[in-house]
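Novice: To start, I am sharing the structure in question, which I have written as structure tokens.
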Amino acid sequence: MALRRVKDPDLNLNIIDLGLVYDIAVEDRSVKVDMSLTSPACPSGPQLMGDTERAAKGVPGVADVTVNLVWSPLWSPDRIEPRVRAYLGF
């Protein structure tokens, strides 16, 4: 999956394993990604959203990408992939 290449620069973990991607919808050649950040004050937010858009646009056949920043539900470490959470000691 292309979005696994998008990494949070502070944690060096991809946004899928971190649980930051809440939904991906594909219709024809358009992709909509609903994602969150680890906190509303995350300084890497613009970079993560831009990297997400670029990664999705890099998928063959994708013509249009919309990345929506959502805050409901708020992200928590419980959303991290269980094997990664164990590795991090959560």
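Starting from 1 in every chain, residues are counted up; chains themselves are A, B, ... following the order of the structure tokens, and ligands are numbered from 1 as listed.
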Please give the complete set of residues from region 55-90 of chain A that DSSP, run on the backbone, assigns to strand (DSSP E), formatted as a VMD selection string.

Specialist: chain A and resid 64 to 69

Novice: For Gly89 (chain A), please output as a list in words all residues within 12 Å (counting only C-alpha atoms; exclusion window: fewer than 6 positions along the same chain).

Specialist: Pro77, Ile80, Pro82 and Arg83 of chain A

Novice: Would you mind listing what lies within 7 Å of region 51-53 of chain A as a list in words, with only C-alpha atoms counted and same-chain residues fewer than 3 positions away left out?

Specialist: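 Listing them by chain and then by number gives Leu3, Val6, Gln47, Leu48, Ala56, Lys57, Val65 and Val67 of chain A.
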
Novice: Please provide the set of residues having any atom within 9 Å of Trp75 (chain A), restricted to only C-alpha atoms, with same-chain residues fewer than 3 positions apart removed, written as a list in words.

Specialist: Gly19, Leu20, Ser36, Leu37, Thr38, Ser39, Trp71, Ser72, Asp78 and Arg79 of chain A

Novice: Compare A:Met35, A:Val21, A:Leu13, A:Val26 by their minimum atom-to-atom distance to Asn68 (chain A), counting only C-alpha atoms, and give me the closest one.

Specialist: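 Selected residue with least distance to Asn68 (chain A): A:Met35.
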
Novice: Would you give me, as a PyMOL selection string, the residues in chain A that DSSP reads as alpha helix (DSSP H)?

Specialist: chain A and resi 45-57+82-88

Novice: Kindly save the residues from that selection, with C-alpha atoms included, as a compact mmCIF listing (two decimals), in the first residue's frame.

Specialist:
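Result file is selection-v1.txt:
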```txt
# COMPACT_ATOMS: atom_id res chain seq x y z
CA GLY A 45 0.80 17.95 9.99
CA PRO A 46 1.21 19.85 6.70
CA GLN A 47 4.12 17.61 5.68
CA LEU A 48 2.20 14.42 6.50
CA MET A 49 -0.86 15.55 4.58
CA GLY A 50 1.22 16.58 1.57
CA ASP A 51 3.18 13.32 1.62
CA THR A 52 -0.11 11.40 1.84
CA GLU A 53 -1.51 13.21 -1.18
CA ARG A 54 1.68 12.64 -3.21
CA ALA A 55 1.81 8.94 -2.30
CA ALA A 56 -1.82 8.39 -3.29
CA LYS A 57 -1.37 10.31 -6.56
CA PRO A 82 -0.78 -3.97 17.89
CA ARG A 83 2.64 -5.34 16.84
CA VAL A 84 4.03 -1.78 16.58
CA ARG A 85 2.41 -0.83 19.89
CA ALA A 86 4.16 -3.82 21.52
CA TYR A 87 7.46 -2.80 19.94
CA LEU A 88 7.03 0.72 21.33
```

Novice: Which neighbours of Asp10 (chain A) fall inside 10 Å, counting only C-alpha atoms, when residues of the same chain fewer than 4 positions from it are skipped, and could you give them as a list in words?

Specialist: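 Here the qualifying residues turn out to be Cys42, Pro43 and Ser44 of chain A.
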
Novice: Would you export the selected residues with N, CA, C and O atoms as a PDB file, in the first residue's frame, please?

Specialist:
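This went into again.pdb:
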```pdb
ATOM      1  N   CYS A  42       0.420  19.100  16.138  1.00  0.00           N
ATOM      2  CA  CYS A  42       1.509  18.378  15.475  1.00  0.00           C
ATOM      3  C   CYS A  42       2.183  19.273  14.431  1.00  0.00           C
ATOM      4  O   CYS A  42       1.550  19.686  13.457  1.00  0.00           O
ATOM      5  N   PRO A  43       3.466  19.591  14.619  1.00  0.00           N
ATOM      6  CA  PRO A  43       4.145  20.471  13.672  1.00  0.00           C
ATOM      7  C   PRO A  43       4.365  19.826  12.304  1.00  0.00           C
ATOM      8  O   PRO A  43       4.607  20.523  11.321  1.00  0.00           O
ATOM      9  N   SER A  44       4.270  18.510  12.235  1.00  0.00           N
ATOM     10  CA  SER A  44       4.483  17.796  10.974  1.00  0.00           C
ATOM     11  C   SER A  44       3.204  17.610  10.174  1.00  0.00           C
ATOM     12  O   SER A  44       3.229  16.982   9.120  1.00  0.00           O
TER      13      SER A  44
END
```
